[in-house]
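Structure file run-v6.cif; described as mmCIF, C-alpha atoms.
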```cif
data_entry
#
loop_
_atom_site.group_PDB
_atom_site.id
_atom_site.type_symbol
_atom_site.label_atom_id
_atom_site.label_comp_id
_atom_site.auth_asym_id
_atom_site.auth_seq_id
_atom_site.Cartn_x
_atom_site.Cartn_y
_atom_site.Cartn_z
ATOM 1 C CA MET A 1 137.199 13.815 97.088
ATOM 2 C CA THR A 2 139.188 11.126 98.891
ATOM 3 C CA SER A 3 142.948 10.799 98.530
ATOM 4 C CA SER A 4 142.567 7.506 96.653
ATOM 5 C CA ALA A 5 140.146 9.132 94.194
ATOM 6 C CA ARG A 6 142.607 11.966 93.614
ATOM 7 C CA LEU A 7 145.341 9.448 92.817
ATOM 8 C CA VAL A 8 143.100 7.682 90.306
ATOM 9 C CA LEU A 9 142.209 11.000 88.627
ATOM 10 C CA LEU A 10 145.876 12.038 88.477
ATOM 11 C CA PHE A 11 146.813 8.702 86.886
ATOM 12 C CA VAL A 12 144.092 9.036 84.227
ATOM 13 C CA CYS A 13 145.220 12.587 83.385
ATOM 14 C CA LEU A 14 148.838 11.509 83.021
ATOM 15 C CA MET A 15 147.890 8.634 80.715
ATOM 16 C CA MET A 16 145.857 10.984 78.518
ATOM 17 C CA LEU A 17 148.784 13.388 78.226
ATOM 18 C CA LEU A 18 151.127 10.557 77.260
ATOM 19 C CA PHE A 19 148.643 9.327 74.659
ATOM 20 C CA LEU A 20 148.248 12.777 73.093
ATOM 21 C CA SER A 21 152.009 13.300 73.034
ATOM 22 C CA ALA A 22 152.509 9.975 71.277
ATOM 23 C CA CYS A 23 149.848 10.809 68.677
ATOM 24 C CA GLY A 24 151.360 14.218 67.965
ATOM 25 C CA GLY A 25 154.881 12.900 67.532
ATOM 26 C CA THR A 26 154.281 10.062 65.067
ATOM 27 C CA ARG A 27 152.397 11.765 62.224
ATOM 28 C CA SER A 28 154.490 12.511 59.146
ATOM 29 C CA PRO A 29 154.064 16.001 57.682
ATOM 30 C CA ILE A 30 152.602 16.324 54.179
ATOM 31 C CA VAL A 31 155.270 17.965 51.999
ATOM 32 C CA ARG A 32 154.728 19.221 48.440
ATOM 33 C CA VAL A 33 157.103 21.129 46.155
ATOM 34 C CA ILE A 34 155.287 23.727 44.033
ATOM 35 C CA ASP A 35 156.124 23.508 40.340
ATOM 36 C CA THR A 36 155.215 26.579 38.265
ATOM 37 C CA PRO A 37 156.402 27.818 34.848
ATOM 38 C CA GLU A 38 158.458 30.490 36.652
ATOM 39 C CA THR A 39 160.213 28.041 38.993
ATOM 40 C CA ARG A 40 160.341 24.857 36.904
ATOM 41 C CA GLU A 41 163.992 25.275 35.955
ATOM 42 C CA LEU A 42 165.105 25.944 39.541
ATOM 43 C CA PRO A 43 166.565 23.269 41.849
ATOM 44 C CA GLY A 44 163.984 21.775 44.202
ATOM 45 C CA TRP A 45 165.283 23.667 47.237
ATOM 46 C CA LYS A 46 164.747 27.009 45.452
ATOM 47 C CA ARG A 47 161.110 26.340 44.579
ATOM 48 C CA PRO A 48 158.125 27.285 46.739
ATOM 49 C CA TYR A 49 156.894 24.369 48.811
ATOM 50 C CA GLU A 50 154.099 23.445 51.205
ATOM 51 C CA VAL A 51 154.250 21.641 54.538
ATOM 52 C CA ASP A 52 150.867 20.632 55.949
ATOM 53 C CA GLY A 53 149.175 23.203 53.727
ATOM 54 C CA ILE A 54 151.416 26.152 54.673
ATOM 55 C CA ARG A 55 153.379 27.585 51.744
ATOM 56 C CA TYR A 56 156.971 28.827 52.016
ATOM 57 C CA TYR A 57 158.901 30.919 49.504
ATOM 58 C CA PRO A 58 162.716 30.461 49.565
ATOM 59 C CA LEU A 59 164.632 33.743 49.445
ATOM 60 C CA ARG A 60 166.739 34.573 46.398
ATOM 61 C CA ASP A 61 169.560 35.992 48.560
ATOM 62 C CA TYR A 62 170.493 36.418 52.213
ATOM 63 C CA GLU A 63 171.441 40.128 52.214
ATOM 64 C CA GLY A 64 170.228 41.943 55.333
ATOM 65 C CA PHE A 65 168.477 38.918 56.810
ATOM 66 C CA ARG A 66 167.961 39.029 60.589
ATOM 67 C CA GLU A 67 165.419 37.131 62.709
ATOM 68 C CA ARG A 68 164.592 36.434 66.355
ATOM 69 C CA GLY A 69 162.757 33.398 67.648
ATOM 70 C CA ILE A 70 163.200 29.911 69.028
ATOM 71 C CA ALA A 71 165.997 27.514 68.053
ATOM 72 C CA SER A 72 165.600 23.750 68.324
ATOM 73 C CA TRP A 73 167.856 20.876 67.302
ATOM 74 C CA TYR A 74 167.597 17.525 65.535
ATOM 75 C CA GLY A 75 169.808 14.499 65.883
ATOM 76 C CA ARG A 76 169.847 10.720 65.756
ATOM 77 C CA ASP A 77 166.528 10.139 63.967
ATOM 78 C CA PHE A 78 167.860 12.031 60.927
ATOM 79 C CA HIS A 79 171.553 11.061 61.117
ATOM 80 C CA GLY A 80 172.649 9.592 57.784
ATOM 81 C CA LEU A 81 169.601 10.810 55.847
ATOM 82 C CA ARG A 82 169.753 13.320 53.004
ATOM 83 C CA THR A 83 169.143 16.988 53.712
ATOM 84 C CA SER A 84 167.076 19.208 51.424
ATOM 85 C CA ASN A 85 170.081 20.152 49.293
ATOM 86 C CA GLY A 86 171.180 16.528 48.856
ATOM 87 C CA GLU A 87 173.931 16.377 51.467
ATOM 88 C CA ILE A 88 174.071 13.624 54.085
ATOM 89 C CA TYR A 89 173.023 14.907 57.500
ATOM 90 C CA ASP A 90 175.753 14.435 60.101
ATOM 91 C CA MET A 91 174.573 15.239 63.609
ATOM 92 C CA TYR A 92 178.187 15.586 64.756
ATOM 93 C CA SER A 93 178.953 18.340 62.213
ATOM 94 C CA VAL A 94 177.902 21.976 62.582
ATOM 95 C CA SER A 95 174.943 22.760 60.299
ATOM 96 C CA ALA A 96 171.348 23.960 60.472
ATOM 97 C CA ALA A 97 167.943 23.976 58.790
ATOM 98 C CA HIS A 98 165.953 27.096 57.898
ATOM 99 C CA LYS A 99 162.636 27.436 56.091
ATOM 100 C CA THR A 100 163.571 30.089 53.509
ATOM 101 C CA LEU A 101 167.265 31.089 53.552
ATOM 102 C CA PRO A 102 169.270 30.022 50.486
ATOM 103 C CA MET A 103 171.221 26.800 50.902
ATOM 104 C CA GLY A 104 174.836 27.468 51.829
ATOM 105 C CA THR A 105 174.069 30.688 53.709
ATOM 106 C CA LEU A 106 176.370 31.222 56.670
ATOM 107 C CA VAL A 107 174.391 32.325 59.722
ATOM 108 C CA GLN A 108 175.570 33.706 63.053
ATOM 109 C CA VAL A 109 173.354 32.346 65.842
ATOM 110 C CA THR A 110 173.380 34.179 69.192
ATOM 111 C CA ARG A 111 171.698 32.637 72.217
ATOM 112 C CA LEU A 112 169.839 35.447 73.926
ATOM 113 C CA GLY A 113 170.473 35.771 77.641
ATOM 114 C CA THR A 114 173.901 34.114 77.541
ATOM 115 C CA GLY A 115 175.527 35.802 74.545
ATOM 116 C CA LYS A 116 176.936 32.490 73.268
ATOM 117 C CA GLN A 117 177.466 32.543 69.521
ATOM 118 C CA ILE A 118 178.100 30.064 66.747
ATOM 119 C CA GLU A 119 178.329 30.218 62.963
ATOM 120 C CA VAL A 120 176.429 27.556 61.033
ATOM 121 C CA ARG A 121 175.806 26.787 57.383
ATOM 122 C CA ILE A 122 172.243 26.207 56.165
ATOM 123 C CA ASN A 123 171.887 22.884 54.325
ATOM 124 C CA ASP A 124 168.329 21.769 55.146
ATOM 125 C CA ARG A 125 164.719 22.971 55.414
ATOM 126 C CA GLY A 126 162.774 23.349 58.681
ATOM 127 C CA PRO A 127 161.833 23.553 61.482
ATOM 128 C CA PHE A 128 158.057 23.582 60.959
ATOM 129 C CA ALA A 129 156.852 23.707 64.568
ATOM 130 C CA PRO A 130 155.152 27.059 65.345
ATOM 131 C CA GLY A 131 157.505 29.776 66.596
ATOM 132 C CA ARG A 132 160.746 27.986 65.753
ATOM 133 C CA ILE A 133 163.058 29.716 63.297
ATOM 134 C CA ILE A 134 166.112 27.440 63.047
ATOM 135 C CA ASP A 135 166.868 23.758 63.613
ATOM 136 C CA LEU A 136 170.473 23.170 64.688
ATOM 137 C CA SER A 137 172.486 20.003 64.324
ATOM 138 C CA TYR A 138 173.366 18.207 67.548
ATOM 139 C CA ALA A 139 176.951 19.530 67.377
ATOM 140 C CA ALA A 140 175.785 23.122 66.919
ATOM 141 C CA ALA A 141 173.247 22.815 69.743
ATOM 142 C CA ARG A 142 175.943 21.388 72.022
ATOM 143 C CA GLN A 143 178.179 24.395 71.379
ATOM 144 C CA LEU A 144 175.322 26.761 72.226
ATOM 145 C CA GLY A 145 174.479 24.742 75.332
ATOM 146 C CA ILE A 146 170.872 23.940 74.421
ATOM 147 C CA VAL A 147 170.938 20.151 74.065
ATOM 148 C CA GLU A 148 169.432 19.479 77.489
ATOM 149 C CA ALA A 149 166.877 22.305 77.269
ATOM 150 C CA GLY A 150 165.931 21.422 73.705
ATOM 151 C CA LEU A 151 164.854 24.991 72.876
ATOM 152 C CA ALA A 152 166.355 28.460 73.288
ATOM 153 C CA ASP A 153 165.630 32.066 72.312
ATOM 154 C CA VAL A 154 168.087 33.167 69.645
ATOM 155 C CA GLU A 155 168.833 35.826 67.097
ATOM 156 C CA ILE A 156 170.120 34.773 63.693
ATOM 157 C CA VAL A 157 171.957 37.031 61.253
ATOM 158 C CA ALA A 158 172.989 35.981 57.743
ATOM 159 C CA ILE A 159 176.631 36.892 57.275
ATOM 160 C CA GLY A 160 177.626 35.322 53.952
ATOM 161 C CA GLY A 161 177.968 32.180 51.936
ATOM 162 C CA THR A 162 176.648 30.864 48.671
ATOM 163 C CA TYR A 163 175.657 27.442 47.399
ATOM 164 C CA ARG A 164 177.017 26.305 44.036
ATOM 165 C CA PRO A 165 175.253 23.174 42.792
ATOM 166 C CA PRO A 166 177.262 20.694 40.705
ATOM 167 C CA GLN A 167 177.098 21.259 36.964
ATOM 168 C CA ARG A 168 174.697 18.974 35.165
ATOM 169 C CA SER A 169 175.250 17.557 31.733
ATOM 170 C CA ALA A 170 173.104 19.201 29.068
ATOM 171 C CA SER A 171 171.864 15.736 28.109
ATOM 172 C CA ALA A 172 170.855 14.782 31.650
ATOM 173 C CA VAL A 173 167.189 13.877 31.965
ATOM 174 C CA ASN A 174 165.260 13.670 35.206
ATOM 175 C CA SER A 175 162.918 10.833 36.048
ATOM 176 C CA TYR A 176 160.570 10.773 39.006
ATOM 177 C CA ALA A 177 159.067 8.246 41.400
ATOM 178 C CA VAL A 178 156.725 8.667 44.344
ATOM 179 C CA GLN A 179 157.806 7.253 47.697
ATOM 180 C CA ILE A 180 154.640 6.252 49.543
ATOM 181 C CA ALA A 181 155.792 4.282 52.599
ATOM 182 C CA SER A 182 158.750 2.772 54.447
ATOM 183 C CA PHE A 183 158.933 -0.405 56.516
ATOM 184 C CA SER A 184 161.334 -2.131 58.867
ATOM 185 C CA LEU A 185 160.124 -5.521 57.558
ATOM 186 C CA ALA A 186 161.077 -6.306 53.958
ATOM 187 C CA ASP A 187 158.062 -8.601 53.438
ATOM 188 C CA ASN A 188 155.635 -5.777 54.193
ATOM 189 C CA ALA A 189 157.407 -3.499 51.711
ATOM 190 C CA ARG A 190 157.436 -6.184 49.001
ATOM 191 C CA GLN A 191 153.738 -6.912 49.505
ATOM 192 C CA LEU A 192 152.801 -3.244 49.072
ATOM 193 C CA ALA A 193 155.128 -2.903 46.053
ATOM 194 C CA ASP A 194 153.451 -5.919 44.405
ATOM 195 C CA GLU A 195 150.033 -4.288 44.879
ATOM 196 C CA MET A 196 151.242 -0.980 43.467
ATOM 197 C CA ARG A 197 152.944 -2.696 40.531
ATOM 198 C CA ILE A 198 149.576 -4.117 39.458
ATOM 199 C CA ARG A 199 148.051 -0.637 39.615
ATOM 200 C CA PHE A 200 150.830 1.496 38.122
ATOM 201 C CA GLY A 201 152.971 -0.953 36.158
ATOM 202 C CA ASP A 202 156.128 -0.072 38.086
ATOM 203 C CA ALA A 203 156.943 -0.150 41.808
ATOM 204 C CA GLN A 204 160.184 -0.919 43.590
ATOM 205 C CA VAL A 205 161.582 -1.410 47.072
ATOM 206 C CA ALA A 206 164.680 0.671 47.866
ATOM 207 C CA THR A 207 166.553 -0.561 50.922
ATOM 208 C CA ALA A 208 168.898 1.633 52.974
ATOM 209 C CA LEU A 209 170.854 1.079 56.184
ATOM 210 C CA ILE A 210 169.982 3.782 58.734
ATOM 211 C CA ASN A 211 171.593 3.651 62.186
ATOM 212 C CA ASN A 212 172.484 -0.006 61.556
ATOM 213 C CA GLN A 213 168.847 -0.839 60.800
ATOM 214 C CA SER A 214 167.416 -1.684 57.383
ATOM 215 C CA VAL A 215 164.667 0.582 56.086
ATOM 216 C CA HIS A 216 162.658 -0.604 53.078
ATOM 217 C CA ARG A 217 161.074 2.207 51.048
ATOM 218 C CA VAL A 218 158.275 1.606 48.551
ATOM 219 C CA ARG A 219 158.477 3.792 45.439
ATOM 220 C CA VAL A 220 155.824 3.911 42.746
ATOM 221 C CA GLY A 221 156.264 4.636 39.051
ATOM 222 C CA GLN A 222 158.991 5.874 36.747
ATOM 223 C CA PHE A 223 157.654 9.147 35.421
ATOM 224 C CA THR A 224 159.285 11.450 32.894
ATOM 225 C CA SER A 225 157.515 14.622 34.048
ATOM 226 C CA PHE A 226 157.095 16.289 37.390
ATOM 227 C CA GLU A 227 153.399 16.840 36.646
ATOM 228 C CA GLN A 228 152.785 13.079 36.381
ATOM 229 C CA ALA A 229 154.588 12.424 39.655
ATOM 230 C CA GLU A 230 152.739 15.254 41.412
ATOM 231 C CA LYS A 231 149.378 13.857 40.269
ATOM 232 C CA ILE A 232 150.200 10.407 41.679
ATOM 233 C CA THR A 233 151.503 11.986 44.902
ATOM 234 C CA SER A 234 148.185 13.767 45.412
ATOM 235 C CA GLN A 235 146.330 10.541 44.668
ATOM 236 C CA MET A 236 148.389 8.571 47.202
ATOM 237 C CA ILE A 237 147.869 11.210 49.887
ATOM 238 C CA ALA A 238 144.120 11.099 49.241
ATOM 239 C CA GLU A 239 144.253 7.318 49.727
ATOM 240 C CA GLY A 240 145.866 7.705 53.142
ATOM 241 C CA TYR A 241 149.582 7.531 52.325
ATOM 242 C CA ASN A 242 150.153 10.923 53.981
ATOM 243 C CA GLY A 243 153.951 10.738 53.905
ATOM 244 C CA SER A 244 154.114 10.426 50.097
ATOM 245 C CA PHE A 245 156.640 12.616 48.297
ATOM 246 C CA ILE A 246 158.410 12.856 44.947
ATOM 247 C CA VAL A 247 161.880 11.364 44.446
ATOM 248 C CA VAL A 248 163.993 12.818 41.633
ATOM 249 C CA PHE A 249 166.602 10.784 39.735
ATOM 250 C CA GLU A 250 169.189 12.231 37.378
#
```
Structure translated into structure tokens:
Amino acid sequence: MTSSARLVLLFVCLMMLLFLSACGGTRSPIVRVIDTPETRELPGWKRPYEVDGIRYYPLRDYEGFRERGIASWYGRDFHGLRTSNGEIYDMYSVSAAHKTLPMGTLVQVTRLGTGKQIEVRINDRGPFAPGRIIDLSYAAARQLGIVEAGLADVEIVAIGGTYRPPQRSASAVNSYAVQIASFSLADNARQLADEMRIRFGDAQVATALINNQSVHRVRVGQFTSFEQAEKITSQMIAEGYNGSFIVVFE
């Protein structure tokens, strides 16, 4: 093979790798909270849930919890969005996501090989990439020295903490909608909402400012039961709206 042919082959291989990386990074995971008679009265973050077909069961308590694996971190793309327990994610504050530990658990994270340690509070769910056990905020990752590397081998030990949700009024009633898509262009969101309004009788566009950019979210329905909302969520996913999920209003 000539040198010019080798260069052409190398270029093609690099382009294929870039294409595959782009495809893998843009797909939204399919998330579904499992509602059963045993868990119906629990807050959403205490219920079993599925991500891309894999089911997770949140722990009732943190006592004796210890785990080794890979830590990652998340930052600007999620800054200002709500975490799984309803807080606003702040990449410059110390926090972390875990798949099953109770919200509010205080965890000691030790970076293996360097001995660096940090204490973080769990306020979100994730990470869902294979082998990863904890997703640190940018500030926590900076303190452990893993921002540049992106990943690190760690040991996590639950050392305390509890989460106390705000008291709800006895008369409070939940309503549900299904968020099916989000757009940067308001016209696109309004067009889809108009189509869904014809089908379901109710659809709205909720606009939020994220990182100084407007995001327009299309939400379908105003349901009084979780079962109704879950049925529509499944229907929307089957129609290709893979990022659909249930939004709860109090």
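Of the residues under consideration (A:Ala140, A:Leu81, A:Met196, A:Ala129), A:Ala129 shows the shortest atom-to-atom contact distance to Val51 of chain A when counting only C-alpha atoms.
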- Can you pull out every residue within 9 Å of Gly201 of chain A, counting only C-alpha atoms, but drop anything in the same chain fewer than 4 positions away, and send it as a VMD selection string? chain A and resid 196 to 197 220 to 221
Output check: residues returned by the PyMOL selection byres ((chain A and resi 158) around 9), as a PDB file with C-alpha atoms, in the frame of the given file:
```pdb
ATOM      1  CA  TYR A  62     170.493  36.418  52.213  1.00  0.00           C
ATOM      2  CA  GLU A  63     171.441  40.128  52.214  1.00  0.00           C
ATOM      3  CA  GLY A  64     170.228  41.943  55.333  1.00  0.00           C
ATOM      4  CA  PHE A  65     168.477  38.918  56.810  1.00  0.00           C
ATOM      5  CA  ARG A  66     167.961  39.029  60.589  1.00  0.00           C
ATOM      6  CA  LEU A 101     167.265  31.089  53.552  1.00  0.00           C
ATOM      7  CA  THR A 105     174.069  30.688  53.709  1.00  0.00           C
ATOM      8  CA  LEU A 106     176.370  31.222  56.670  1.00  0.00           C
ATOM      9  CA  VAL A 107     174.391  32.325  59.722  1.00  0.00           C
ATOM     10  CA  GLN A 108     175.570  33.706  63.053  1.00  0.00           C
ATOM     11  CA  VAL A 109     173.354  32.346  65.842  1.00  0.00           C
ATOM     12  CA  ILE A 156     170.120  34.773  63.693  1.00  0.00           C
ATOM     13  CA  VAL A 157     171.957  37.031  61.253  1.00  0.00           C
ATOM     14  CA  ILE A 159     176.631  36.892  57.275  1.00  0.00           C
ATOM     15  CA  GLY A 160     177.626  35.322  53.952  1.00  0.00           C
ATOM     16  CA  GLY A 161     177.968  32.180  51.936  1.00  0.00           C
TER      17      GLY A 161
END
```
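With atom CA of Gly150 of chain A on one side and atom CA of Asp61 of chain A on the other, the separation reads 29.3 Å.
The result of the PyMOL selection byres ((chain A and resi 153) around 12) on the shown file is A:Glu67, A:Arg68, A:Gly69, A:Ile70, A:Ala71, A:Ser72, A:Val109, A:Thr110, A:Arg111, A:Leu112, A:Gly113, A:Thr114, A:Gly115, A:Lys116, A:Gly131, A:Arg132, A:Ile133, A:Ile134, A:Leu144, A:Gly145, A:Ile146, A:Ala149, A:Gly150, A:Leu151, A:Ala152, A:Val154, A:Glu155, A:Ile156.
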- Correct to one decimal, the distance atom CA of Asp202 of chain A-atom CA of Val247 of chain A is 14.3 Å
Can you give me, as a tab-separated table (two decimals) with C-alpha atoms, in the coordinates of the input, the residues this file yields under the PyMOL selection byres ((chain A and resi 122) around 8)?
```
chain	number	residue	atom	x	y	z
A	95	SER	CA	174.94	22.76	60.30
A	96	ALA	CA	171.35	23.96	60.47
A	97	ALA	CA	167.94	23.98	58.79
A	98	HIS	CA	165.95	27.10	57.90
A	101	LEU	CA	167.26	31.09	53.55
A	102	PRO	CA	169.27	30.02	50.49
A	103	MET	CA	171.22	26.80	50.90
A	104	GLY	CA	174.84	27.47	51.83
A	105	THR	CA	174.07	30.69	53.71
A	106	LEU	CA	176.37	31.22	56.67
A	107	VAL	CA	174.39	32.33	59.72
A	120	VAL	CA	176.43	27.56	61.03
A	121	ARG	CA	175.81	26.79	57.38
A	123	ASN	CA	171.89	22.88	54.32
A	124	ASP	CA	168.33	21.77	55.15
```
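Distances from A:Glu239, A:Asp77, A:Asp187, A:Glu195 to Ser137 of chain A were compared using all atoms listed in the file, and the smallest one belongs to A:Asp77.
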Will you give me segment 144-235 of chain A, written with C-alpha atoms and laid out as a PDB file, in the first residue's frame?
```
ATOM      1  CA  LEU A 144     -10.444  15.481  43.478  1.00  0.00           C
ATOM      2  CA  GLY A 145      -8.337  16.529  40.494  1.00  0.00           C
ATOM      3  CA  ILE A 146     -10.259  14.587  37.844  1.00  0.00           C
ATOM      4  CA  VAL A 147     -11.665  17.363  35.651  1.00  0.00           C
ATOM      5  CA  GLU A 148      -9.030  16.994  32.936  1.00  0.00           C
ATOM      6  CA  ALA A 149      -9.019  13.180  33.024  1.00  0.00           C
ATOM      7  CA  GLY A 150     -12.805  12.986  33.130  1.00  0.00           C
ATOM      8  CA  LEU A 151     -12.799   9.615  34.924  1.00  0.00           C
ATOM      9  CA  ALA A 152     -11.067   8.150  37.975  1.00  0.00           C
ATOM     10  CA  ASP A 153     -11.106   4.986  40.089  1.00  0.00           C
ATOM     11  CA  VAL A 154     -12.691   5.734  43.449  1.00  0.00           C
ATOM     12  CA  GLU A 155     -14.117   4.185  46.560  1.00  0.00           C
ATOM     13  CA  ILE A 156     -17.280   5.656  48.038  1.00  0.00           C
ATOM     14  CA  VAL A 157     -18.467   5.151  51.611  1.00  0.00           C
ATOM     15  CA  ALA A 158     -21.787   6.439  52.954  1.00  0.00           C
ATOM     16  CA  ILE A 159     -21.108   8.254  56.204  1.00  0.00           C
ATOM     17  CA  GLY A 160     -24.413   9.903  57.128  1.00  0.00           C
ATOM     18  CA  GLY A 161     -27.109  12.313  56.139  1.00  0.00           C
ATOM     19  CA  THR A 162     -30.829  12.192  55.606  1.00  0.00           C
ATOM     20  CA  TYR A 163     -33.226  13.928  53.252  1.00  0.00           C
ATOM     21  CA  ARG A 164     -36.358  15.512  54.712  1.00  0.00           C
ATOM     22  CA  PRO A 165     -38.828  16.509  51.997  1.00  0.00           C
ATOM     23  CA  PRO A 166     -41.010  19.579  52.596  1.00  0.00           C
ATOM     24  CA  GLN A 167     -44.360  18.862  54.210  1.00  0.00           C
ATOM     25  CA  ARG A 168     -47.249  18.778  51.789  1.00  0.00           C
ATOM     26  CA  SER A 169     -50.715  20.008  52.544  1.00  0.00           C
ATOM     27  CA  ALA A 170     -53.219  17.205  53.073  1.00  0.00           C
ATOM     28  CA  SER A 171     -55.397  18.818  50.405  1.00  0.00           C
ATOM     29  CA  ALA A 172     -52.619  19.001  47.813  1.00  0.00           C
ATOM     30  CA  VAL A 173     -53.444  17.158  44.606  1.00  0.00           C
ATOM     31  CA  ASN A 174     -50.946  16.152  41.959  1.00  0.00           C
ATOM     32  CA  SER A 175     -51.528  16.647  38.263  1.00  0.00           C
ATOM     33  CA  TYR A 176     -49.348  15.232  35.522  1.00  0.00           C
ATOM     34  CA  ALA A 177     -48.203  16.159  32.028  1.00  0.00           C
ATOM     35  CA  VAL A 178     -45.896  14.399  29.597  1.00  0.00           C
ATOM     36  CA  GLN A 179     -42.936  16.340  28.226  1.00  0.00           C
ATOM     37  CA  ILE A 180     -42.250  14.989  24.742  1.00  0.00           C
ATOM     38  CA  ALA A 181     -39.709  17.367  23.181  1.00  0.00           C
ATOM     39  CA  SER A 182     -37.736  20.589  23.596  1.00  0.00           C
ATOM     40  CA  PHE A 183     -36.685  23.127  20.975  1.00  0.00           C
ATOM     41  CA  SER A 184     -34.437  26.149  20.687  1.00  0.00           C
ATOM     42  CA  LEU A 185     -36.912  27.709  18.215  1.00  0.00           C
ATOM     43  CA  ALA A 186     -40.258  28.746  19.703  1.00  0.00           C
ATOM     44  CA  ASP A 187     -42.106  28.315  16.382  1.00  0.00           C
ATOM     45  CA  ASN A 188     -41.160  24.640  16.199  1.00  0.00           C
ATOM     46  CA  ALA A 189     -42.396  24.075  19.755  1.00  0.00           C
ATOM     47  CA  ARG A 190     -45.678  25.902  19.092  1.00  0.00           C
ATOM     48  CA  GLN A 191     -46.284  23.918  15.905  1.00  0.00           C
ATOM     49  CA  LEU A 192     -45.850  20.592  17.712  1.00  0.00           C
ATOM     50  CA  ALA A 193     -48.011  21.785  20.637  1.00  0.00           C
ATOM     51  CA  ASP A 194     -50.802  22.736  18.200  1.00  0.00           C
ATOM     52  CA  GLU A 195     -50.692  19.232  16.693  1.00  0.00           C
ATOM     53  CA  MET A 196     -50.769  17.589  20.112  1.00  0.00           C
ATOM     54  CA  ARG A 197     -53.592  19.849  21.289  1.00  0.00           C
ATOM     55  CA  ILE A 198     -55.784  18.513  18.475  1.00  0.00           C
ATOM     56  CA  ARG A 199     -54.994  14.950  19.543  1.00  0.00           C
ATOM     57  CA  PHE A 200     -55.117  15.232  23.340  1.00  0.00           C
ATOM     58  CA  GLY A 201     -57.144  18.376  24.004  1.00  0.00           C
ATOM     59  CA  ASP A 202     -54.361  20.004  26.021  1.00  0.00           C
ATOM     60  CA  ALA A 203     -50.737  20.813  25.166  1.00  0.00           C
ATOM     61  CA  GLN A 204     -48.545  23.687  26.263  1.00  0.00           C
ATOM     62  CA  VAL A 205     -45.126  25.184  25.640  1.00  0.00           C
ATOM     63  CA  ALA A 206     -43.065  25.841  28.783  1.00  0.00           C
ATOM     64  CA  THR A 207     -40.142  28.179  28.180  1.00  0.00           C
ATOM     65  CA  ALA A 208     -37.057  28.304  30.414  1.00  0.00           C
ATOM     66  CA  LEU A 209     -33.777  30.214  30.235  1.00  0.00           C
ATOM     67  CA  ILE A 210     -30.836  27.787  30.389  1.00  0.00           C
ATOM     68  CA  ASN A 211     -27.290  29.167  30.148  1.00  0.00           C
ATOM     69  CA  ASN A 212     -28.720  32.399  28.707  1.00  0.00           C
ATOM     70  CA  GLN A 213     -30.513  30.468  25.959  1.00  0.00           C
ATOM     71  CA  SER A 214     -34.264  29.921  25.700  1.00  0.00           C
ATOM     72  CA  VAL A 215     -35.459  26.324  25.699  1.00  0.00           C
ATOM     73  CA  HIS A 216     -39.064  25.649  24.679  1.00  0.00           C
ATOM     74  CA  ARG A 217     -40.512  22.417  26.091  1.00  0.00           C
ATOM     75  CA  VAL A 218     -43.658  20.802  24.705  1.00  0.00           C
ATOM     76  CA  ARG A 219     -45.871  19.194  27.354  1.00  0.00           C
ATOM     77  CA  VAL A 220     -48.959  17.147  26.590  1.00  0.00           C
ATOM     78  CA  GLY A 221     -52.079  16.731  28.703  1.00  0.00           C
ATOM     79  CA  GLN A 222     -53.224  17.585  32.201  1.00  0.00           C
ATOM     80  CA  PHE A 223     -53.826  14.225  33.814  1.00  0.00           C
ATOM     81  CA  THR A 224     -55.129  13.542  37.305  1.00  0.00           C
ATOM     82  CA  SER A 225     -53.560  10.086  37.645  1.00  0.00           C
ATOM     83  CA  PHE A 226     -50.074   8.762  37.170  1.00  0.00           C
ATOM     84  CA  GLU A 227     -51.471   5.787  35.243  1.00  0.00           C
ATOM     85  CA  GLN A 228     -52.943   8.080  32.566  1.00  0.00           C
ATOM     86  CA  ALA A 229     -49.669   9.963  32.197  1.00  0.00           C
ATOM     87  CA  GLU A 230     -47.656   6.732  32.047  1.00  0.00           C
ATOM     88  CA  LYS A 231     -49.905   5.380  29.278  1.00  0.00           C
ATOM     89  CA  ILE A 232     -49.397   8.519  27.171  1.00  0.00           C
ATOM     90  CA  THR A 233     -45.644   8.436  27.871  1.00  0.00           C
ATOM     91  CA  SER A 234     -45.435   4.892  26.513  1.00  0.00           C
ATOM     92  CA  GLN A 235     -47.488   5.921  23.491  1.00  0.00           C
TER      93      GLN A 235
END
```
